[in-house]
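Next comes my_file.cif, a file with mmCIF, C-alpha atoms.
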data_target
#
loop_
_atom_site.group_PDB
_atom_site.id
_atom_site.type_symbol
_atom_site.label_atom_id
_atom_site.label_comp_id
_atom_site.auth_asym_id
_atom_site.auth_seq_id
_atom_site.Cartn_x
_atom_site.Cartn_y
_atom_site.Cartn_z
ATOM 1 C CA MET A 1181 -35.841 -101.493 33.196
ATOM 2 C CA SER A 1182 -33.196 -99.008 32.201
ATOM 3 C CA TYR A 1183 -29.639 -100.251 32.378
ATOM 4 C CA THR A 1184 -28.241 -96.846 33.345
ATOM 5 C CA GLU A 1185 -30.505 -96.609 36.390
ATOM 6 C CA SER A 1186 -28.819 -99.546 38.025
ATOM 7 C CA HIS A 1187 -25.488 -97.706 38.431
ATOM 8 C CA GLY A 1188 -24.522 -97.201 42.050
ATOM 9 C CA SER A 1189 -27.131 -99.494 43.518
ATOM 10 C CA PRO A 1190 -26.472 -103.193 44.030
ATOM 11 C CA LYS A 1191 -27.784 -105.148 41.092
ATOM 12 C CA PRO A 1192 -30.096 -108.044 41.769
ATOM 13 C CA PRO A 1193 -28.382 -111.314 40.924
ATOM 14 C CA SER A 1194 -28.953 -112.140 37.300
ATOM 15 C CA MET A 1195 -27.703 -114.747 34.890
ATOM 16 C CA ARG A 1196 -28.074 -112.299 32.003
ATOM 17 C CA THR A 1197 -24.963 -110.794 30.443
ATOM 18 C CA PRO A 1198 -24.775 -107.011 29.833
ATOM 19 C CA LEU A 1199 -25.054 -107.733 26.098
ATOM 20 C CA GLY A 1200 -28.123 -109.875 26.642
ATOM 21 C CA ARG A 1201 -29.784 -107.132 28.664
ATOM 22 C CA VAL A 1202 -29.431 -104.480 25.959
ATOM 23 C CA ARG A 1203 -29.805 -106.688 22.889
ATOM 24 C CA ASN A 1204 -32.765 -105.652 20.694
ATOM 25 C CA LEU A 1205 -33.386 -102.528 22.745
ATOM 26 C CA GLY A 1206 -31.702 -100.168 20.271
ATOM 27 C CA ALA A 1207 -30.190 -96.703 20.702
ATOM 28 C CA ALA A 1208 -33.223 -95.397 22.591
ATOM 29 C CA HIS A 1209 -32.507 -97.754 25.554
ATOM 30 C CA SER A 1210 -36.095 -98.901 25.562
ATOM 31 C CA GLY A 1211 -38.344 -101.274 23.664
ATOM 32 C CA THR A 1212 -39.563 -101.345 20.114
ATOM 33 C CA SER A 1213 -42.788 -99.392 20.705
ATOM 34 C CA ASP A 1214 -41.648 -96.403 18.629
ATOM 35 C CA PHE A 1215 -40.641 -98.698 15.772
ATOM 36 C CA TRP A 1216 -44.082 -100.313 15.862
ATOM 37 C CA ARG A 1217 -45.973 -97.004 16.133
ATOM 38 C CA GLN A 1218 -43.946 -95.681 13.188
ATOM 39 C CA ARG A 1219 -45.325 -98.624 11.153
ATOM 40 C CA ILE A 1220 -48.924 -98.237 12.395
ATOM 41 C CA THR A 1221 -49.018 -94.536 11.568
ATOM 42 C CA GLY A 1222 -47.271 -95.162 8.220
ATOM 43 C CA VAL A 1223 -49.869 -97.762 7.206
ATOM 44 C CA ALA A 1224 -52.662 -95.443 8.404
ATOM 45 C CA MET A 1225 -51.407 -92.558 6.278
ATOM 46 C CA THR A 1226 -50.934 -94.802 3.242
ATOM 47 C CA LEU A 1227 -54.569 -95.931 3.556
ATOM 48 C CA LEU A 1228 -55.737 -92.330 4.048
ATOM 49 C CA MET A 1229 -53.633 -90.912 1.200
ATOM 50 C CA ILE A 1230 -56.187 -91.284 -1.612
ATOM 51 C CA PRO A 1231 -59.075 -89.709 0.387
ATOM 52 C CA VAL A 1232 -56.777 -86.879 1.541
ATOM 53 C CA VAL A 1233 -55.584 -86.122 -2.007
ATOM 54 C CA VAL A 1234 -59.235 -86.146 -3.203
ATOM 55 C CA ILE A 1235 -60.199 -83.714 -0.408
ATOM 56 C CA VAL A 1236 -57.368 -81.319 -1.335
ATOM 57 C CA MET A 1237 -58.446 -81.547 -5.004
ATOM 58 C CA MET A 1238 -62.035 -80.696 -3.996
ATOM 59 C CA LEU A 1239 -60.797 -77.496 -2.345
ATOM 60 C CA LEU A 1240 -58.764 -76.216 -5.307
ATOM 61 C CA GLY A 1241 -59.957 -72.925 -6.708
ATOM 62 C CA ARG A 1242 -62.591 -72.417 -3.999
ATOM 63 C CA ASN A 1243 -62.829 -69.396 -1.740
ATOM 64 C CA GLN A 1244 -62.893 -69.556 2.069
ATOM 65 C CA ALA A 1245 -66.662 -70.050 2.305
ATOM 66 C CA GLY A 1246 -66.550 -73.008 -0.079
ATOM 67 C CA ALA A 1247 -63.487 -74.501 1.608
ATOM 68 C CA ALA A 1248 -65.024 -74.096 5.075
ATOM 69 C CA GLN A 1249 -68.199 -75.841 3.959
ATOM 70 C CA ILE A 1250 -66.279 -78.861 2.607
ATOM 71 C CA LEU A 1251 -63.834 -79.085 5.538
ATOM 72 C CA GLY A 1252 -66.709 -78.890 8.009
ATOM 73 C CA SER A 1253 -68.536 -81.949 6.710
ATOM 74 C CA LEU A 1254 -68.326 -84.951 9.021
ATOM 75 C CA PRO A 1255 -66.567 -87.623 6.877
ATOM 76 C CA ILE A 1256 -63.999 -85.137 5.579
ATOM 77 C CA ALA A 1257 -63.315 -83.775 9.064
ATOM 78 C CA VAL A 1258 -62.837 -87.315 10.415
ATOM 79 C CA ILE A 1259 -60.472 -88.305 7.583
ATOM 80 C CA LEU A 1260 -58.381 -85.154 8.096
ATOM 81 C CA LEU A 1261 -58.320 -85.585 11.899
ATOM 82 C CA LEU A 1262 -57.058 -89.163 11.507
ATOM 83 C CA PHE A 1263 -54.461 -88.012 8.990
ATOM 84 C CA ILE A 1264 -53.287 -85.185 11.258
ATOM 85 C CA ALA A 1265 -52.979 -87.498 14.276
ATOM 86 C CA ALA A 1266 -51.097 -90.171 12.309
ATOM 87 C CA SER A 1267 -48.750 -87.700 10.614
ATOM 88 C CA ALA A 1268 -47.926 -85.810 13.827
ATOM 89 C CA TRP A 1269 -47.046 -89.024 15.611
ATOM 90 C CA HIS A 1270 -45.128 -90.392 12.614
ATOM 91 C CA MET A 1271 -43.070 -87.238 12.143
ATOM 92 C CA LYS A 1272 -42.346 -86.954 15.879
ATOM 93 C CA ILE A 1273 -40.867 -90.463 15.895
ATOM 94 C CA GLY A 1274 -39.025 -89.946 12.589
ATOM 95 C CA MET A 1275 -37.422 -86.679 13.671
ATOM 96 C CA GLN A 1276 -36.436 -88.209 17.007
ATOM 97 C CA VAL A 1277 -34.585 -90.979 15.148
ATOM 98 C CA VAL A 1278 -32.753 -88.356 13.082
ATOM 99 C CA ILE A 1279 -31.851 -86.380 16.233
ATOM 100 C CA GLU A 1280 -30.633 -89.501 18.045
ATOM 101 C CA ASP A 1281 -28.501 -90.407 15.018
ATOM 102 C CA TYR A 1282 -26.784 -87.064 14.466
ATOM 103 C CA VAL A 1283 -26.859 -85.036 17.706
ATOM 104 C CA HIS A 1284 -24.181 -86.501 19.953
ATOM 105 C CA ASN A 1285 -24.073 -83.837 22.665
ATOM 106 C CA GLU A 1286 -26.377 -85.197 25.377
ATOM 107 C CA LYS A 1287 -27.860 -81.851 26.520
ATOM 108 C CA LEU A 1288 -28.360 -80.637 22.958
ATOM 109 C CA LYS A 1289 -29.939 -83.975 22.060
ATOM 110 C CA LEU A 1290 -32.431 -83.842 24.941
ATOM 111 C CA THR A 1291 -33.289 -80.221 24.085
ATOM 112 C CA ALA A 1292 -33.819 -81.103 20.432
ATOM 113 C CA ILE A 1293 -36.022 -84.081 21.341
ATOM 114 C CA MET A 1294 -38.068 -81.846 23.630
ATOM 115 C CA LEU A 1295 -38.491 -79.178 20.929
ATOM 116 C CA ASN A 1296 -39.445 -81.914 18.473
ATOM 117 C CA ASN A 1297 -42.223 -83.016 20.823
ATOM 118 C CA PHE A 1298 -43.424 -79.426 21.293
ATOM 119 C CA PHE A 1299 -43.440 -78.758 17.544
ATOM 120 C CA SER A 1300 -45.265 -81.963 16.646
ATOM 121 C CA ILE A 1301 -47.906 -81.502 19.334
ATOM 122 C CA ALA A 1302 -48.379 -77.806 18.490
ATOM 123 C CA VAL A 1303 -48.877 -78.508 14.769
ATOM 124 C CA ALA A 1304 -51.265 -81.371 15.519
ATOM 125 C CA LEU A 1305 -53.320 -79.386 18.038
ATOM 126 C CA ALA A 1306 -53.491 -76.248 15.880
ATOM 127 C CA SER A 1307 -54.671 -78.274 12.862
ATOM 128 C CA THR A 1308 -57.131 -80.277 14.976
ATOM 129 C CA TYR A 1309 -58.521 -77.086 16.499
ATOM 130 C CA ALA A 1310 -59.035 -75.626 13.010
ATOM 131 C CA ILE A 1311 -60.943 -78.716 11.828
ATOM 132 C CA LEU A 1312 -63.120 -78.802 14.960
ATOM 133 C CA LYS A 1313 -63.847 -75.066 14.623
ATOM 134 C CA LEU A 1314 -64.891 -75.576 10.988
ATOM 135 C CA SER A 1315 -67.040 -78.580 11.971
ATOM 136 C CA SER A 1316 -68.816 -76.745 14.771
ATOM 137 C CA GLY A 1317 -69.421 -73.738 12.515
ATOM 138 C CA VAL A 1318 -68.384 -71.210 15.163
ATOM 139 C CA MET B 605 -10.119 -97.495 0.815
ATOM 140 C CA LEU B 606 -10.852 -100.516 2.901
ATOM 141 C CA GLY B 607 -9.015 -103.703 2.094
ATOM 142 C CA ARG B 608 -6.357 -102.077 -0.052
ATOM 143 C CA ASN B 609 -3.521 -103.307 2.106
ATOM 144 C CA LYS B 610 -5.227 -106.310 3.552
ATOM 145 C CA HIS B 611 -2.235 -108.592 2.985
ATOM 146 C CA GLN B 612 0.146 -106.144 4.604
ATOM 147 C CA LYS B 613 0.203 -106.794 8.327
ATOM 148 C CA PRO B 614 0.844 -103.623 10.348
ATOM 149 C CA PRO B 615 3.655 -103.705 12.935
ATOM 150 C CA MET B 616 2.423 -104.706 16.396
ATOM 151 C CA THR B 617 3.258 -101.329 17.959
ATOM 152 C CA ALA B 618 1.459 -99.209 15.350
ATOM 153 C CA ARG B 619 -2.021 -97.991 16.101
ATOM 154 C CA ILE B 620 -4.391 -99.602 13.656
ATOM 155 C CA GLU B 621 -6.431 -96.831 12.059
ATOM 156 C CA ARG B 622 -9.647 -98.536 11.188
ATOM 157 C CA PRO B 623 -12.950 -96.683 11.075
ATOM 158 C CA LEU B 624 -14.768 -97.281 14.344
ATOM 159 C CA SER B 625 -18.148 -96.566 12.830
ATOM 160 C CA PRO B 626 -18.003 -96.778 9.046
ATOM 161 C CA HIS B 627 -20.190 -94.094 7.533
ATOM 162 C CA ILE B 628 -21.225 -93.047 4.042
ATOM 163 C CA GLN B 629 -17.769 -91.829 2.990
ATOM 164 C CA THR B 630 -16.401 -95.351 3.439
ATOM 165 C CA TYR B 631 -18.764 -97.159 1.112
ATOM 166 C CA ARG B 632 -19.223 -97.220 -2.634
ATOM 167 C CA TRP B 633 -22.442 -95.389 -3.451
ATOM 168 C CA THR B 634 -25.401 -97.577 -4.278
ATOM 169 C CA LEU B 635 -28.957 -96.756 -5.338
ATOM 170 C CA THR B 636 -30.542 -98.097 -2.145
ATOM 171 C CA MET B 637 -28.080 -96.080 -0.063
ATOM 172 C CA ALA B 638 -28.820 -92.847 -1.939
ATOM 173 C CA LEU B 639 -32.561 -93.454 -1.671
ATOM 174 C CA SER B 640 -32.228 -94.164 2.049
ATOM 175 C CA ILE B 641 -30.842 -90.645 2.410
ATOM 176 C CA VAL B 642 -33.604 -89.261 0.171
ATOM 177 C CA HIS B 643 -36.187 -91.008 2.379
ATOM 178 C CA ARG B 644 -34.800 -89.176 5.397
ATOM 179 C CA ALA B 645 -34.520 -85.862 3.550
ATOM 180 C CA THR B 646 -38.110 -86.040 2.282
ATOM 181 C CA GLY B 647 -39.236 -86.923 5.810
ATOM 182 C CA ILE B 648 -37.532 -83.810 7.177
ATOM 183 C CA ALA B 649 -39.020 -81.691 4.374
ATOM 184 C CA LEU B 650 -42.504 -83.029 5.117
ATOM 185 C CA TYR B 651 -41.939 -82.255 8.807
ATOM 186 C CA ALA B 652 -41.364 -78.598 7.943
ATOM 187 C CA GLY B 653 -44.179 -78.707 5.365
ATOM 188 C CA THR B 654 -46.779 -79.470 8.045
ATOM 189 C CA LEU B 655 -46.478 -75.786 8.986
ATOM 190 C CA LEU B 656 -47.976 -74.934 5.584
ATOM 191 C CA LEU B 657 -50.751 -77.487 6.099
ATOM 192 C CA ALA B 658 -51.529 -76.111 9.589
ATOM 193 C CA TRP B 659 -51.450 -72.510 8.287
ATOM 194 C CA TRP B 660 -53.896 -73.449 5.513
ATOM 195 C CA LEU B 661 -56.360 -75.177 7.896
ATOM 196 C CA ILE B 662 -56.173 -72.373 10.481
ATOM 197 C CA ALA B 663 -56.742 -69.791 7.746
ATOM 198 C CA ALA B 664 -59.797 -71.705 6.493
ATOM 199 C CA ALA B 665 -61.139 -71.669 10.049
ATOM 200 C CA SER B 666 -60.257 -67.993 10.589
ATOM 201 C CA GLY B 667 -62.010 -66.261 7.704
ATOM 202 C CA PRO B 668 -61.879 -64.962 4.125
ATOM 203 C CA ALA B 669 -58.985 -62.530 4.648
ATOM 204 C CA ALA B 670 -56.673 -65.139 6.203
ATOM 205 C CA TYR B 671 -57.618 -67.705 3.552
ATOM 206 C CA ALA B 672 -56.930 -65.185 0.777
ATOM 207 C CA HIS B 673 -53.396 -64.767 2.183
ATOM 208 C CA VAL B 674 -52.778 -68.524 1.921
ATOM 209 C CA GLN B 675 -54.202 -68.622 -1.597
ATOM 210 C CA ALA B 676 -52.033 -65.677 -2.620
ATOM 211 C CA PHE B 677 -48.991 -67.583 -1.355
ATOM 212 C CA THR B 678 -49.862 -70.992 -2.832
ATOM 213 C CA GLY B 679 -50.799 -69.293 -6.110
ATOM 214 C CA SER B 680 -47.440 -67.521 -6.430
ATOM 215 C CA ILE B 681 -44.520 -69.060 -8.328
ATOM 216 C CA ILE B 682 -42.580 -69.749 -5.106
ATOM 217 C CA GLY B 683 -45.687 -71.110 -3.412
ATOM 218 C CA ARG B 684 -46.440 -73.412 -6.317
ATOM 219 C CA LEU B 685 -42.857 -74.691 -6.353
ATOM 220 C CA ILE B 686 -43.044 -75.407 -2.612
ATOM 221 C CA VAL B 687 -46.398 -77.199 -2.920
ATOM 222 C CA PHE B 688 -45.091 -79.131 -5.935
ATOM 223 C CA GLY B 689 -41.998 -80.131 -3.945
ATOM 224 C CA TYR B 690 -44.227 -81.043 -1.013
ATOM 225 C CA THR B 691 -46.380 -83.254 -3.284
ATOM 226 C CA TRP B 692 -43.292 -85.061 -4.559
ATOM 227 C CA ALA B 693 -41.804 -85.451 -1.067
ATOM 228 C CA LEU B 694 -45.096 -86.913 0.168
ATOM 229 C CA MET B 695 -45.543 -89.321 -2.749
ATOM 230 C CA HIS B 696 -41.912 -90.399 -2.711
ATOM 231 C CA HIS B 697 -41.810 -90.862 1.058
ATOM 232 C CA MET B 698 -45.028 -92.915 0.917
ATOM 233 C CA LEU B 699 -43.781 -95.260 -1.841
ATOM 234 C CA SER B 700 -40.335 -95.478 -0.279
ATOM 235 C CA GLY B 701 -42.069 -96.274 3.020
ATOM 236 C CA ILE B 702 -44.107 -99.053 1.379
ATOM 237 C CA ARG B 703 -40.750 -100.423 0.150
ATOM 238 C CA HIS B 704 -39.625 -100.471 3.784
ATOM 239 C CA PHE B 705 -42.805 -102.350 4.759
ATOM 240 C CA VAL B 706 -41.965 -104.998 2.167
ATOM 241 C CA TRP B 707 -38.503 -105.329 3.702
ATOM 242 C CA ASP B 708 -39.981 -105.360 7.232
ATOM 243 C CA LEU B 709 -42.133 -108.314 6.195
ATOM 244 C CA GLY B 710 -38.999 -110.111 5.060
ATOM 245 C CA TYR B 711 -39.376 -109.891 1.295
ATOM 246 C CA GLY B 712 -37.450 -108.177 -1.479
ATOM 247 C CA PHE B 713 -33.891 -108.548 -0.212
ATOM 248 C CA LYS B 714 -32.379 -110.106 -3.343
ATOM 249 C CA ALA B 715 -30.197 -107.726 -5.353
ATOM 250 C CA ASN B 716 -32.602 -107.438 -8.297
ATOM 251 C CA GLU B 717 -35.654 -107.195 -6.004
ATOM 252 C CA ARG B 718 -34.309 -104.398 -3.836
ATOM 253 C CA GLU B 719 -33.159 -102.492 -6.929
ATOM 254 C CA ALA B 720 -36.602 -102.928 -8.531
ATOM 255 C CA LEU B 721 -38.381 -101.746 -5.353
ATOM 256 C CA THR B 722 -36.106 -98.722 -5.130
ATOM 257 C CA TRP B 723 -36.500 -97.761 -8.799
ATOM 258 C CA GLY B 724 -40.255 -98.284 -8.349
ATOM 259 C CA ALA B 725 -40.361 -95.812 -5.457
ATOM 260 C CA LEU B 726 -38.228 -93.282 -7.352
ATOM 261 C CA ILE B 727 -40.134 -93.429 -10.650
ATOM 262 C CA GLY B 728 -43.526 -93.984 -8.984
ATOM 263 C CA GLY B 729 -43.083 -90.889 -6.821
ATOM 264 C CA ILE B 730 -42.373 -88.688 -9.832
ATOM 265 C CA VAL B 731 -45.237 -90.222 -11.877
ATOM 266 C CA LEU B 732 -47.787 -89.785 -9.046
ATOM 267 C CA THR B 733 -46.670 -86.181 -8.470
ATOM 268 C CA VAL B 734 -47.011 -85.243 -12.152
ATOM 269 C CA LEU B 735 -50.354 -87.076 -12.354
ATOM 270 C CA ILE B 736 -51.739 -85.236 -9.305
ATOM 271 C CA TRP B 737 -50.687 -81.878 -10.744
ATOM 272 C CA ILE B 738 -52.146 -82.639 -14.182
ATOM 273 C CA ILE B 739 -55.470 -83.539 -12.532
ATOM 274 C CA ALA B 740 -55.262 -80.452 -10.290
ATOM 275 C CA TYR B 741 -54.784 -78.150 -13.284
ATOM 276 C CA ALA B 742 -57.455 -80.011 -15.286
ATOM 277 C CA ILE B 743 -60.096 -79.410 -12.620
ATOM 278 C CA GLY B 744 -59.245 -75.738 -12.337
ATOM 279 C CA GLY B 745 -56.629 -75.544 -9.607
ATOM 280 C CA GLY B 746 -54.433 -73.444 -11.874
ATOM 281 C CA ARG B 747 -56.767 -70.463 -11.713
#
Kindly transcribe the structure held in the file into structure tokens.
Amino acid sequence: MSYTESHGSPKPPSMRTPLGRVRNLGAAHSGTSDFWRQRITGVAMTLLMIPVVVIVMMLLGRNQAGAAQILGSLPIAVILLLFIAASAWHMKIGMQVVIEDYVHNEKLKLTAIMLNNFFSIAVALASTYAILKLSSGV
Amino acid sequence: MLGRNKHQKPPMTARIERPLSPHIQTYRWTLTMALSIVHRATGIALYAGTLLLAWWLIAAASGPAAYAHVQAFTGSIIGRLIVFGYTWALMHHMLSGIRHFVWDLGYGFKANEREALTWGALIGGIVLTVLIWIIAYAIGGGR
């Protein structure tokens, strides 16, 4: 339940103080799901880091045909897809925290958060599309 | 700044000018504080760097001409500097993030422990970056 939504309408009787209602909810006025997802995606990327670095090393000095062949193989495609998904989500949450910390104008903040979502999703989808295209060999 | 006149009581009518939300200019600089800012800065750099990663993958999927463009860029001096910076940002942010996991789990809060973790992330990030680039050049990435 959002605290701001209850303005203007009669509040249901509650023993909870205003402080108690918002305690632990943070600046985002909602739960800790973003905090938790930031940790999940961080752990995921840490686990994937060695395979990802090895994959990039394998591609060094190769031309497009060689790179396409390696990137199109199933285990490498899966590792990169997982890494792309985790990093897009992680960076979306991280940038949102930065925006919420430093952008104090409400309209500007909402616009920035929206653009952050668009950017993160666009980068993730473009990269995912590239991997799938390489995997399908089209 | 703070606490300089702590024994001097201001007159009741005077407005007490205390910082409502103390920020970095109020505090003495510490290593963990500086590295907290570096963690954020590297995160923002990596955010922008994903464009390079996406460009590279799309080029690989597009064809030889597009891929040659990426290779021409990453092979140039500027390109190499950016990719080197990206490698460091990634390695540093990862190790600094692991440091945050340790803190999230409730360990490493003593003064010497948090300093050691922070130095570890700082030095470890540089060492891993140099190591990766030595290996990359050794296996022929410098061509």
Using all atoms listed in the file: which of B:Val706, B:Ile739, B:His673, B:Lys714 has the shortest distance to Met1237 (chain A):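 Comparing B:Val706, B:Ile739, B:His673, B:Lys714 against Met1237 (chain A), the winner is B:Ile739.
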Name the residues, using the chain letters and numbers of the file, that sit within 10 Å of (-52.3, -74.0, 16.4) when counting all atoms listed in the file, and give them as a VMD selection string. (chain A and resid 1301 to 1310) or (chain B and resid 655 658 to 659 661 to 662)
Kindly give the distance, in Å, that separates CA of Gly1317 (chain A) and CA of Val1258 (chain A), rounded to a single decimal.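 Calculated distance between CA of Gly1317 (chain A) and CA of Val1258 (chain A) is 15.2 Å.
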Could you work out which residues of chain B fall inside 7 Å of chain A? Count all atoms listed in the file, and format the result as a VMD selection string. chain B and resid 651 655 658 661 to 662 664 to 665 667 to 668 671 698 740 744 to 745 747
Those same residues, written as a PDB file, in the frame of the given file with C-alpha atoms?
ATOM      1  CA  TYR B 651     -41.939 -82.255   8.807  1.00  0.00           C
ATOM      2  CA  LEU B 655     -46.478 -75.786   8.986  1.00  0.00           C
ATOM      3  CA  ALA B 658     -51.529 -76.111   9.589  1.00  0.00           C
ATOM      4  CA  LEU B 661     -56.360 -75.177   7.896  1.00  0.00           C
ATOM      5  CA  ILE B 662     -56.173 -72.373  10.481  1.00  0.00           C
ATOM      6  CA  ALA B 664     -59.797 -71.705   6.493  1.00  0.00           C
ATOM      7  CA  ALA B 665     -61.139 -71.669  10.049  1.00  0.00           C
ATOM      8  CA  GLY B 667     -62.010 -66.261   7.704  1.00  0.00           C
ATOM      9  CA  PRO B 668     -61.879 -64.962   4.125  1.00  0.00           C
ATOM     10  CA  TYR B 671     -57.618 -67.705   3.552  1.00  0.00           C
ATOM     11  CA  MET B 698     -45.028 -92.915   0.917  1.00  0.00           C
ATOM     12  CA  ALA B 740     -55.262 -80.452 -10.290  1.00  0.00           C
ATOM     13  CA  GLY B 744     -59.245 -75.738 -12.337  1.00  0.00           C
ATOM     14  CA  GLY B 745     -56.629 -75.544  -9.607  1.00  0.00           C
ATOM     15  CA  ARG B 747     -56.767 -70.463 -11.713  1.00  0.00           C
TER      16      ARG B 747
END
Can you spell out as a PyMOL selection string the set of residues that the PyMOL selection byres ((chain B and resi 674) around 9) selects in the structure I just provided? chain B and resi 656+659-660+663-664+670-673+675-679
I'd like the interatomic distance between CA of Gly712 (chain B) and CA of Val642 (chain B), to a tenth of an Å.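 Separation of CA of Gly712 (chain B) and CA of Val642 (chain B): 19.4 Å.
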Non-local contacts of Gly647 (chain B) (8 Å; all atoms listed in the file; under 2 positions in same chain excluded) as a list of chain:residue names: A:Met1271, A:Gly1274, B:His643, B:Arg644, B:Ala645, B:Ala649, B:Leu650, B:Tyr651, B:Ala693, B:His697
Selection file, C-alpha atoms, as a PDB file, in the coordinates of the input:
ATOM      1  CA  MET A1271     -43.070 -87.238  12.143  1.00  0.00           C
ATOM      2  CA  GLY A1274     -39.025 -89.946  12.589  1.00  0.00           C
TER       3      GLY A1274
ATOM      4  CA  HIS B 643     -36.187 -91.008   2.379  1.00  0.00           C
ATOM      5  CA  ARG B 644     -34.800 -89.176   5.397  1.00  0.00           C
ATOM      6  CA  ALA B 645     -34.520 -85.862   3.550  1.00  0.00           C
ATOM      7  CA  ALA B 649     -39.020 -81.691   4.374  1.00  0.00           C
ATOM      8  CA  LEU B 650     -42.504 -83.029   5.117  1.00  0.00           C
ATOM      9  CA  TYR B 651     -41.939 -82.255   8.807  1.00  0.00           C
ATOM     10  CA  ALA B 693     -41.804 -85.451  -1.067  1.00  0.00           C
ATOM     11  CA  HIS B 697     -41.810 -90.862   1.058  1.00  0.00           C
TER      12      HIS B 697
END
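The space between CA of Leu657 (chain B) and CA of Ala1257 (chain A) spans 14.4 Å.
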Report as an mmCIF file with C-alpha atoms, in the frame of the given file the residues that result from applying the PyMOL selection byres ((chain A and resi 1263) around 8) to the structure here.
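See result22.cif below for the written result:
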data_model
loop_
_atom_site.group_PDB
_atom_site.id
_atom_site.type_symbol
_atom_site.label_atom_id
_atom_site.label_comp_id
_atom_site.auth_asym_id
_atom_site.auth_seq_id
_atom_site.Cartn_x
_atom_site.Cartn_y
_atom_site.Cartn_z
ATOM 1 C CA ALA A 1224 -52.662 -95.443 8.404
ATOM 2 C CA MET A 1225 -51.407 -92.558 6.278
ATOM 3 C CA LEU A 1228 -55.737 -92.330 4.048
ATOM 4 C CA VAL A 1232 -56.777 -86.879 1.541
ATOM 5 C CA ILE A 1259 -60.472 -88.305 7.583
ATOM 6 C CA LEU A 1260 -58.381 -85.154 8.096
ATOM 7 C CA LEU A 1261 -58.320 -85.585 11.899
ATOM 8 C CA LEU A 1262 -57.058 -89.163 11.507
ATOM 9 C CA ILE A 1264 -53.287 -85.185 11.258
ATOM 10 C CA ALA A 1265 -52.979 -87.498 14.276
ATOM 11 C CA ALA A 1266 -51.097 -90.171 12.309
ATOM 12 C CA SER A 1267 -48.750 -87.700 10.614
#
Can you work out which one of A:Gln1276, A:Ile1230, A:Ile1250, A:His1284 has the shortest atom-to-atom distance to Ile736 (chain B), counting only C-alpha atoms?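 Residue with the minimum atom-to-atom distance to Ile736 (chain B): A:Ile1230.
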Let me know the residues the PyMOL selection byres ((chain B and resi 699) around 9) catches in the file above, as a ChimeraX atom specification. /A:1226 /B:694-698,700-704,724-726,728-729
